[in-house]
file protein15.cif (mmCIF, C-alpha atoms (C1' of nucleotides))
data_data
loop_
_atom_site.label_atom_id
_atom_site.label_comp_id
_atom_site.auth_asym_id
_atom_site.auth_seq_id
_atom_site.Cartn_x
_atom_site.Cartn_y
_atom_site.Cartn_z
CA MET M 1 -14.58 -9.16 28.12
CA VAL M 2 -12.32 -7.52 30.65
CA GLN M 3 -11.65 -4.08 29.33
CA LYS M 4 -8.32 -2.63 30.37
CA LEU M 5 -7.68 -0.06 27.70
CA GLN M 6 -9.51 3.20 28.22
CA LEU M 7 -9.24 5.69 25.43
CA GLU M 8 -9.36 8.78 27.64
CA ASN M 9 -6.32 7.54 29.51
CA PHE M 10 -4.48 6.08 26.55
CA LEU M 11 -1.45 8.17 25.79
CA PRO M 12 -1.42 8.00 21.95
CA TYR M 13 -5.08 8.89 21.85
CA ARG M 14 -4.65 11.84 24.19
CA LEU M 15 -1.69 13.08 22.19
CA ASN M 16 -3.60 12.92 18.95
CA ARG M 17 -6.52 14.75 20.42
CA ALA M 18 -4.36 17.50 21.89
CA ALA M 19 -2.37 17.94 18.69
CA ALA M 20 -5.51 18.07 16.61
CA ALA M 21 -7.05 20.68 18.88
CA ALA M 22 -3.96 22.87 18.67
CA SER M 23 -3.65 22.44 14.93
CA VAL M 24 -7.25 23.32 14.23
CA GLN M 25 -7.05 26.53 16.23
CA LEU M 26 -3.69 27.53 14.81
CA SER M 27 -4.29 26.75 11.16
CA ALA M 28 -7.49 28.75 11.27
CA ILE M 29 -5.31 31.85 11.67
CA TYR M 30 -3.18 31.52 8.57
CA ARG M 31 -5.95 29.97 6.54
CA ARG M 32 -8.25 32.88 7.23
CA LYS M 33 -5.61 35.54 6.67
CA TYR M 34 -3.86 34.15 3.58
CA GLY M 35 -5.58 30.93 2.61
CA LEU M 36 -2.47 28.97 3.49
CA THR M 37 -2.51 25.22 3.96
CA VAL M 38 -0.57 23.50 6.73
CA PRO M 39 2.28 22.38 4.42
CA GLU M 40 2.51 25.89 2.96
CA TRP M 41 2.70 27.45 6.40
CA ARG M 42 5.40 25.03 7.47
CA THR M 43 7.42 25.70 4.35
CA LEU M 44 7.07 29.43 4.81
CA SER M 45 8.07 29.42 8.45
CA THR M 46 10.96 27.02 7.91
CA LEU M 47 12.40 29.22 5.19
CA ALA M 48 11.85 32.29 7.35
CA GLN M 49 13.76 30.69 10.16
CA PHE M 50 16.66 29.15 8.29
CA GLY M 51 17.05 31.25 5.19
CA GLU M 52 18.16 29.57 1.99
CA LEU M 53 17.26 25.87 1.92
CA THR M 54 16.60 23.10 -0.55
CA ALA M 55 13.26 21.28 -0.68
CA LYS M 56 14.88 18.27 0.92
CA GLN M 57 16.14 20.35 3.83
CA ILE M 58 12.71 21.84 4.35
CA GLY M 59 11.28 18.37 4.54
CA ALA M 60 13.89 17.31 7.08
CA HIS M 61 13.29 20.30 9.30
CA SER M 62 9.52 20.19 9.20
CA SER M 63 8.96 16.42 9.01
CA MET M 64 7.07 16.58 5.74
CA HIS M 65 7.03 14.10 2.89
CA LYS M 66 8.90 15.30 -0.18
CA THR M 67 5.79 15.42 -2.33
CA LYS M 68 4.10 17.61 0.24
CA VAL M 69 7.10 19.93 0.20
CA SER M 70 7.22 19.91 -3.58
CA ARG M 71 3.60 20.99 -3.81
CA ALA M 72 3.88 23.60 -1.10
CA VAL M 73 6.99 25.09 -2.72
CA SER M 74 5.26 25.15 -6.07
CA SER M 75 2.27 26.89 -4.56
CA LEU M 76 4.33 29.49 -2.70
CA ASN M 77 6.29 30.07 -5.88
CA THR M 78 3.08 30.82 -7.74
CA ARG M 79 2.31 33.45 -5.09
CA ARG M 80 5.81 34.86 -5.64
CA TRP M 81 6.53 34.30 -1.96
CA LEU M 82 9.73 32.40 -2.69
CA SER M 83 12.36 32.18 -5.41
CA ARG M 84 13.91 29.06 -6.88
CA LYS M 85 17.54 29.10 -7.90
CA ARG M 86 19.28 26.13 -9.48
CA ASP M 87 22.40 25.21 -7.54
CA ALA M 88 25.48 25.73 -9.70
CA ALA M 89 27.59 23.09 -7.98
CA ASP M 90 24.88 20.40 -8.02
CA ARG M 91 22.25 21.02 -10.61
CA ARG M 92 19.79 18.58 -9.02
CA LEU M 93 19.31 20.98 -6.14
CA GLU M 94 17.21 24.09 -6.03
CA GLN M 95 18.05 26.76 -3.50
CA LEU M 96 14.88 28.32 -2.14
CA ASN M 97 14.54 31.74 -0.60
CA LEU M 98 11.65 33.85 0.58
CA THR M 99 11.01 36.92 -1.54
CA ALA M 100 10.26 40.30 -0.02
CA ARG M 101 6.57 39.51 -0.38
CA GLY M 102 7.05 36.16 1.33
CA LYS M 103 8.92 37.73 4.20
CA GLU M 104 6.32 40.40 4.55
CA ALA M 105 3.51 37.87 4.75
CA TYR M 106 5.45 35.88 7.27
CA ASN M 107 6.08 38.95 9.37
CA GLN M 108 2.36 39.58 9.42
CA LEU M 109 1.68 36.07 10.64
CA GLU M 110 4.47 35.49 13.13
CA PRO M 111 3.11 37.65 15.96
CA GLN M 112 -0.27 35.98 15.71
CA MET M 113 1.34 32.57 15.84
CA LEU M 114 3.36 33.49 18.89
CA ASP M 115 0.32 35.06 20.43
CA PHE M 116 -1.55 31.82 20.07
CA GLU M 117 1.04 30.14 22.21
CA VAL M 118 0.91 32.98 24.71
CA GLN M 119 -2.86 32.71 24.94
CA LEU M 120 -2.57 28.98 25.35
CA LEU M 121 -0.28 29.42 28.32
CA ALA M 122 -2.07 32.44 29.74
CA GLY M 123 -4.46 30.42 31.86
CA LEU M 124 -1.64 28.58 33.57
CA THR M 125 0.55 29.47 36.48
CA ALA M 126 4.28 29.79 35.96
CA THR M 127 4.75 26.47 37.71
CA GLU M 128 2.23 24.77 35.46
CA ARG M 129 3.97 26.17 32.40
CA ASP M 130 7.27 24.76 33.53
CA GLU M 131 5.74 21.42 34.33
CA MET M 132 4.02 21.24 30.99
CA MET M 133 7.15 22.10 29.05
CA ARG M 134 9.12 19.59 30.99
CA GLY M 135 6.46 16.93 30.50
CA ILE M 136 6.50 17.43 26.76
CA ALA M 137 10.26 17.30 26.63
CA ILE M 138 10.19 13.98 28.45
CA LEU M 139 7.54 12.73 26.08
CA GLU M 140 9.63 13.67 23.08
CA LYS M 141 12.53 11.83 24.57
CA ALA M 142 10.40 8.72 25.13
CA LEU M 143 9.09 8.84 21.58
CA GLY M 144 12.55 9.35 20.14
CA VAL M 145 11.50 12.30 18.05
CA LEU M 146 14.59 14.23 19.08
CA ASP M 147 17.92 14.09 17.31
CA THR M 148 19.79 13.85 20.58
CA MET F 149 13.79 40.22 9.58
CA VAL F 150 13.94 39.48 13.27
CA GLN F 151 12.95 35.87 13.65
CA LYS F 152 11.31 35.04 16.93
CA LEU F 153 9.37 31.92 16.13
CA GLN F 154 11.43 28.76 16.14
CA LEU F 155 9.68 25.62 15.01
CA GLU F 156 11.56 23.25 17.30
CA ASN F 157 10.36 25.21 20.29
CA PHE F 158 6.90 26.00 19.00
CA LEU F 159 4.35 24.09 20.99
CA PRO F 160 1.81 23.20 18.28
CA TYR F 161 4.59 21.96 16.04
CA ARG F 162 6.11 19.82 18.77
CA LEU F 163 2.73 18.39 19.64
CA ASN F 164 2.00 17.45 16.09
CA ARG F 165 5.35 15.81 15.69
CA ALA F 166 5.00 13.81 18.90
CA ALA F 167 1.46 12.71 18.08
CA ALA F 168 2.46 11.68 14.59
CA ALA F 169 5.39 9.65 15.92
CA ALA F 170 3.17 7.83 18.38
CA SER F 171 0.45 7.23 15.82
CA VAL F 172 2.83 5.80 13.23
CA GLN F 173 4.27 3.33 15.69
CA LEU F 174 0.93 2.34 17.12
CA SER F 175 -1.05 1.99 13.91
CA ALA F 176 1.66 -0.25 12.51
CA ILE F 177 0.54 -2.85 15.06
CA TYR F 178 -3.12 -3.15 14.13
CA ARG F 179 -2.44 -2.54 10.46
CA ARG F 180 0.00 -5.41 10.31
CA LYS F 181 -2.16 -7.78 12.34
CA TYR F 182 -5.59 -7.08 10.86
CA GLY F 183 -5.18 -4.47 8.16
CA LEU F 184 -7.16 -1.98 10.23
CA THR F 185 -7.15 1.72 9.48
CA VAL F 186 -6.99 4.34 12.22
CA PRO F 187 -10.74 5.13 12.09
CA GLU F 188 -11.55 1.42 12.16
CA TRP F 189 -9.35 0.87 15.19
CA ARG F 190 -10.92 3.79 17.00
CA THR F 191 -14.41 2.55 16.25
CA LEU F 192 -13.51 -0.94 17.39
CA SER F 193 -11.91 0.17 20.64
CA THR F 194 -14.67 2.65 21.43
CA LEU F 195 -17.33 0.00 21.03
CA ALA F 196 -15.24 -2.43 23.06
CA GLN F 197 -15.03 0.08 25.86
CA PHE F 198 -18.57 1.41 25.95
CA GLY F 199 -20.69 -1.40 24.56
CA GLU F 200 -23.74 -0.51 22.51
CA LEU F 201 -23.42 2.89 20.84
CA THR F 202 -24.75 4.81 17.88
CA ALA F 203 -22.47 6.12 15.15
CA LYS F 204 -22.92 9.60 16.51
CA GLN F 205 -21.83 8.55 19.97
CA ILE F 206 -18.76 6.85 18.57
CA GLY F 207 -17.84 10.07 16.82
CA ALA F 208 -18.28 12.06 20.00
CA HIS F 209 -16.11 9.71 22.04
CA SER F 210 -13.32 9.35 19.51
CA SER F 211 -13.34 12.84 17.99
CA MET F 212 -14.05 11.60 14.49
CA HIS F 213 -16.10 13.19 11.75
CA LYS F 214 -19.38 11.44 11.07
CA THR F 215 -18.37 10.40 7.57
CA LYS F 216 -15.25 8.78 8.93
CA VAL F 217 -17.35 6.91 11.47
CA SER F 218 -19.87 5.92 8.82
CA ARG F 219 -17.16 4.42 6.65
CA ALA F 220 -15.42 2.68 9.50
CA VAL F 221 -18.69 1.19 10.74
CA SER F 222 -19.53 0.01 7.25
CA SER F 223 -16.13 -1.59 6.90
CA LEU F 224 -16.28 -3.34 10.28
CA ASN F 225 -19.77 -4.52 9.42
CA THR F 226 -18.44 -6.13 6.24
CA ARG F 227 -15.94 -8.00 8.39
CA ARG F 228 -18.82 -9.07 10.64
CA TRP F 229 -17.05 -7.47 13.58
CA LEU F 230 -20.11 -5.48 14.56
CA SER F 231 -23.87 -5.68 14.23
CA ARG F 232 -26.28 -2.90 13.29
CA LYS F 233 -29.69 -2.78 14.90
CA ARG F 234 -32.29 -0.16 14.06
CA ASP F 235 -33.49 1.62 17.18
CA ALA F 236 -37.20 0.92 17.72
CA ALA F 237 -37.91 4.16 19.57
CA ASP F 238 -36.08 6.41 17.08
CA ARG F 239 -35.71 4.83 13.71
CA ARG F 240 -33.03 7.29 12.60
CA LEU F 241 -30.59 5.67 15.02
CA GLU F 242 -28.68 2.48 14.63
CA GLN F 243 -27.43 0.70 17.73
CA LEU F 244 -24.03 -0.81 17.10
CA ASN F 245 -22.48 -3.71 18.96
CA LEU F 246 -19.35 -5.76 18.54
CA THR F 247 -19.95 -9.33 17.48
CA ALA F 248 -18.09 -12.25 19.03
CA ARG F 249 -15.59 -12.00 16.19
CA GLY F 250 -15.13 -8.29 16.79
CA LYS F 251 -14.58 -8.81 20.48
CA GLU F 252 -12.13 -11.58 19.79
CA ALA F 253 -10.11 -9.43 17.44
CA TYR F 254 -10.12 -6.62 19.95
CA ASN F 255 -8.97 -8.93 22.70
CA GLN F 256 -6.05 -9.96 20.54
CA LEU F 257 -5.07 -6.35 19.99
CA GLU F 258 -5.62 -4.81 23.38
CA PRO F 259 -2.55 -6.28 25.13
CA GLN F 260 -0.32 -5.13 22.31
CA MET F 261 -1.74 -1.64 22.49
CA LEU F 262 -1.21 -1.47 26.23
CA ASP F 263 2.24 -2.93 25.79
CA PHE F 264 3.11 -0.13 23.41
CA GLU F 265 2.41 2.35 26.16
CA VAL F 266 4.41 0.30 28.61
CA GLN F 267 7.37 0.19 26.24
CA LEU F 268 7.08 3.90 25.68
CA LEU F 269 7.35 4.56 29.38
CA ALA F 270 9.90 1.85 30.04
CA GLY F 271 12.90 4.08 29.36
CA LEU F 272 11.75 6.64 31.90
CA THR F 273 12.17 6.84 35.62
CA ALA F 274 9.09 6.81 37.81
CA THR F 275 9.57 10.51 38.43
CA GLU F 276 9.76 11.23 34.72
CA ARG F 277 6.60 9.25 34.10
CA ASP F 278 4.75 11.27 36.68
CA GLU F 279 6.07 14.53 35.30
CA MET F 280 5.11 13.59 31.78
CA MET F 281 1.59 12.57 32.72
CA ARG F 282 1.15 15.71 34.71
CA GLY F 283 2.51 17.84 31.87
CA ILE F 284 0.09 16.33 29.40
CA ALA F 285 -2.82 16.81 31.75
CA ILE F 286 -1.92 20.47 32.09
CA LEU F 287 -1.64 20.76 28.33
CA GLU F 288 -5.08 19.25 27.86
CA LYS F 289 -6.46 21.71 30.31
CA ALA F 290 -4.85 24.61 28.46
CA LEU F 291 -6.19 23.39 25.13
CA GLY F 292 -9.63 22.86 26.54
CA VAL F 293 -9.95 19.36 25.20
CA LEU F 294 -11.35 18.15 28.47
CA ASP F 295 -14.98 18.19 29.43
CA THR F 296 -14.21 19.42 32.91
"C1'" DG B 297 34.55 8.10 -20.47
"C1'" DA B 298 30.77 4.61 -20.37
"C1'" DA B 299 28.04 2.01 -17.23
"C1'" DT B 300 25.89 1.62 -12.65
"C1'" DG B 301 23.73 3.03 -8.74
"C1'" DA B 302 22.24 6.78 -5.76
"C1'" DT B 303 19.92 11.31 -5.03
"C1'" DG B 304 16.79 15.72 -5.55
"C1'" DG B 305 12.74 16.69 -7.21
"C1'" DT B 306 8.27 16.14 -10.00
"C1'" DT B 307 4.19 13.84 -11.45
"C1'" DA B 308 0.61 10.09 -12.36
"C1'" DC B 309 -2.36 7.30 -9.98
"C1'" DA B 310 -4.84 5.49 -6.19
"C1'" DT B 311 -6.42 6.13 -1.48
"C1'" DT B 312 -8.12 8.93 2.13
"C1'" DT B 313 -10.50 12.71 3.77
"C1'" DG B 314 -13.71 16.61 4.16
"C1'" DT B 315 -17.78 19.35 2.39
"C1'" DA B 316 -22.06 19.58 1.05
"C1'" DA B 317 -26.06 17.69 -0.56
"C1'" DC B 318 -29.36 14.19 0.21
"C1'" DT B 319 -32.73 10.64 2.47
"C1'" DA B 320 -35.29 9.21 6.19
"C1'" DT B 321 -37.08 10.18 10.49
"C1'" DC B 322 -38.47 12.83 14.42
"C1'" DA B 323 -40.44 16.83 17.21
"C1'" DA B 324 -43.02 20.98 17.67
"C1'" DG B 325 -46.38 23.93 16.47
"C1'" DA B 326 -50.18 25.97 13.57
"C1'" DT L 327 -52.61 16.44 10.44
"C1'" DC L 328 -49.82 19.35 7.74
"C1'" DT L 329 -45.95 22.09 7.78
"C1'" DT L 330 -41.32 23.47 9.37
"C1'" DG L 331 -37.06 22.75 11.19
"C1'" DA L 332 -33.79 19.70 13.32
"C1'" DT L 333 -31.13 15.29 13.53
"C1'" DA L 334 -28.76 10.45 12.25
"C1'" DG L 335 -26.62 8.62 8.80
"C1'" DT L 336 -25.12 7.94 3.78
"C1'" DT L 337 -23.14 9.31 -0.49
"C1'" DA L 338 -21.43 12.21 -4.47
"C1'" DC L 339 -17.95 15.13 -5.39
"C1'" DA L 340 -13.75 17.65 -4.72
"C1'" DA L 341 -9.46 18.40 -2.27
"C1'" DA L 342 -5.48 16.52 0.08
"C1'" DT L 343 -2.19 12.88 0.68
"C1'" DG L 344 0.86 8.87 -0.08
"C1'" DT L 345 3.10 5.43 -3.26
"C1'" DA L 346 5.50 4.47 -6.93
"C1'" DA L 347 7.29 5.51 -11.17
"C1'" DC L 348 9.88 8.76 -13.50
"C1'" DC L 349 13.53 12.42 -15.13
"C1'" DA L 350 17.70 14.74 -14.56
"C1'" DT L 351 21.96 14.89 -12.42
"C1'" DC L 352 25.77 13.31 -9.74
"C1'" DA L 353 29.41 10.02 -7.92
"C1'" DT L 354 31.84 5.85 -8.45
"C1'" DT L 355 33.98 2.29 -10.69
"C1'" DC L 356 35.69 -0.27 -14.34
#
call {"tool": "encode", "arguments": {"input": "protein15.cif", "output": "C-alpha cells"}}
result
Amino acid sequence: MVQKLQLENFLPYRLNRAAAAASVQLSAIYRRKYGLTVPEWRTLSTLAQFGELTAKQIGAHSSMHKTKVSRAVSSLNTRRWLSRKRDAADRRLEQLNLTARGKEAYNQLEPQMLDFEVQLLAGLTATERDEMMRGIAILEKALGVLDT
Amino acid sequence: MVQKLQLENFLPYRLNRAAAAASVQLSAIYRRKYGLTVPEWRTLSTLAQFGELTAKQIGAHSSMHKTKVSRAVSSLNTRRWLSRKRDAADRRLEQLNLTARGKEAYNQLEPQMLDFEVQLLAGLTATERDEMMRGIAILEKALGVLDT
DNA sequence: GAATGATGGTTACATTTGTAACTATCAAGA
DNA sequence: TCTTGATAGTTACAAATGTAACCATCATTC
C-alpha cells in the first residue's frame, strides 16, 4: 500500500486539532468561573455584542443549531442572565436581552477571554502575528465560511 | 457596557468555525461511501499510515479519547477491517492491524480525501497557499499542539 | 375568512460522547 | 511471593447533541 495521506500534514486534521486545543483552554476559563457550557458562553457573548436578538439570530451569528440555542437560552434564563420578551408584531419571536446580572457576568469574563488571545499571540513576533492572521483569513476564504 | 470582544474577529471562534466547516465537508465523503464515523475514519487512517499499533498509540496519534478509540476499534473489527492480536510480551496490549479488506477500503478513500484538500486549495494562488500553510504552522506553534 | 404552507421555537427520542468505575495485567519492592 | 501502585482497555452510567416531530403563529391565496 502506497501511503500518500499523512495525518500530521493533512489540513482538516490539523485544523481540528488546533481548534480543539484552543477550545479546551478557553472553555476551561468560563467553565471554572461560572460553570458555563460552550453554547451558553456563545449565547452570552453574542447577546453582549449585538444587544437584543431572537434565538434564530443568535444561532445565525454563532453557527449553532437551534436546539442548542434553545437550551442555552433556557439555561441562561434560569440564571436570570437574560430576559425573554414576546415580540408584539410577530408573536412567534422572542426578543432576548441580557439582564444586569448577565452583563455583569459577561464583563467579568470578557477581559479573560481577550487575555487568552493576547497570551496566545505573546510568543510570536509582530510579523508572525500578521502572517498567522492573514493565513487564517485565506483559509476562511477557501472554506467559504465567510459571507463575502 | 463597552464591548471589546467581537466574535467574528475572535481567534478561537474563527478556528472552531473553520474546523467545523472542513470536518462537515470531509466527513460527508467517508460517511456516504462507507458509513464511517469520524473516530472510525481516524482509526482507519492512522493504522493505514503507521501499520501495527495499539489502541493507546492510535489515541496518541489522532488525539482521541481512549473510549472513542475503543469503540471505533470494536466497530472496525466487526467489519473485519482490522485484526486484534494479543501482545505476547505484555498481555494487556492488543496489536491492531488493518486486514486486506480494511486496506482496500482505505485505498478507495484516500484519493478522495487528498482530492478534498486539492479542491480546497484550488481557488487560491500559489502565494496564498504558501501564506495559509505558513499561517497555520505559526498558529500550531502558538497553541503548542506540536511536539517540537 | 378558511385553508395551506412556511417559520420560530420547544421537546421527545435516539445517538454520541465523556467520566468514572472496573477487569486484567504488569512492575517494583518488601 | 505477596503486596502496592500503575497501565491498557472495556463498560456502565450520565451528560450533551442531533433529528424529527410538534405547537403556535404568520403570510398567502382562494
call {"tool": "residues_around", "arguments": {"input": "protein15.cif", "residues": "stretch 190-194 of chain F", "least_positions_apart": "3", "cutoff": "7 Å", "atoms": "all atoms listed in the file", "output": "JSON, numbers by chain"}}
result
{"F": [186, 187, 197, 198, 206, 210, 220]}
call {"tool": "closest_atom_pairs", "arguments": {"input": "protein15.cif", "of": "chain L", "to": "stretch 234-250 of chain F", "cutoff": "9 Å", "atoms": "all atoms listed in the file", "output": "Markdown table"}}
result
| residue | atom | partner | partner_atom | distance |
| --- | --- | --- | --- | --- |
| L:DT333 | C1' | F:Arg240 | CA | 8.3 |
| L:DA334 | C1' | F:Arg240 | CA | 5.3 |
| L:DG335 | C1' | F:Arg240 | CA | 7.6 |
call {"tool": "closest_residue", "arguments": {"input": "protein15.cif", "among": "M:Leu143, M:Leu53, M:Ala126, M:Leu76", "to": "chain F", "atoms": "all atoms listed in the file"}}
result
M:Leu143
call {"tool": "interface_residues", "arguments": {"input": "protein15.cif", "of": "chain L", "to": "chain M", "cutoff": "9 Å", "atoms": "all atoms listed in the file", "output": "number ranges by chain"}}
result
L: 343-344, 350-352
call {"tool": "interface_residues", "arguments": {"input": "protein15.cif", "of": "chain B", "to": "chain F", "cutoff": "10 Å", "atoms": "only C-alpha atoms (C1' of nucleotides)", "output": "PyMOL selection string"}}
result
chain B and resi 312-314+320-322
call {"tool": "interface_residues", "arguments": {"input": "protein15.cif", "of": "chain F", "to": "chain M", "cutoff": "8 Å", "atoms": "all atoms listed in the file", "output": "NGL selection string"}}
result
:F and (149 or 151-155 or 158-160 or 163-171 or 174 or 193-194 or 196-197 or 211 or 251 or 255 or 258 or 262 or 265 or 268-269 or 271-272 or 276 or 279-284 or 286-288 or 290-291 or 293)
call {"tool": "atom_distance", "arguments": {"input": "protein15.cif", "atom1": "atom CA of F:Asp263", "atom2": "atom CA of F:Leu184"}}
result
18.2 Å
call {"tool": "atom_distance", "arguments": {"input": "protein15.cif", "atom1": "atom C1' of B:DT300", "atom2": "atom C1' of L:DA353"}}
result
10.3 Å
call {"tool": "decode", "arguments": {"input": "protein15.cif", "residues": "stretch 242-269 of chain F", "atoms": "C-alpha atoms", "output": "CSV table (one decimal), in the first residue's frame"}}
result
chain,number,residue,atom,x,y,z
F,242,GLU,CA,-3.5,-5.6,21.7
F,243,GLN,CA,-1.7,-5.1,18.5
F,244,LEU,CA,-4.0,-3.9,15.8
F,245,ASN,CA,-3.6,-4.2,12.1
F,246,LEU,CA,-5.7,-3.5,9.0
F,247,THR,CA,-6.9,-6.5,7.2
F,248,ALA,CA,-6.9,-6.8,3.4
F,249,ARG,CA,-10.5,-5.5,3.4
F,250,GLY,CA,-9.5,-2.6,5.6
F,251,LYS,CA,-6.6,-1.6,3.4
F,252,GLU,CA,-8.8,-1.9,0.4
F,253,ALA,CA,-11.4,0.4,1.8
F,254,TYR,CA,-8.8,2.8,2.9
F,255,ASN,CA,-7.3,2.8,-0.6
F,256,GLN,CA,-10.7,3.7,-2.0
F,257,LEU,CA,-11.0,6.6,0.3
F,258,GLU,CA,-7.5,8.1,0.3
F,259,PRO,CA,-7.6,9.7,-3.1
F,260,GLN,CA,-10.9,11.4,-2.3
F,261,MET,CA,-9.5,12.7,0.9
F,262,LEU,CA,-6.5,14.1,-0.8
F,263,ASP,CA,-8.7,15.5,-3.5
F,264,PHE,CA,-10.7,17.4,-1.0
F,265,GLU,CA,-7.6,19.2,0.1
F,266,VAL,CA,-6.6,19.8,-3.5
F,267,GLN,CA,-10.1,21.3,-4.2
F,268,LEU,CA,-9.8,23.4,-1.1
F,269,LEU,CA,-6.6,24.9,-2.3
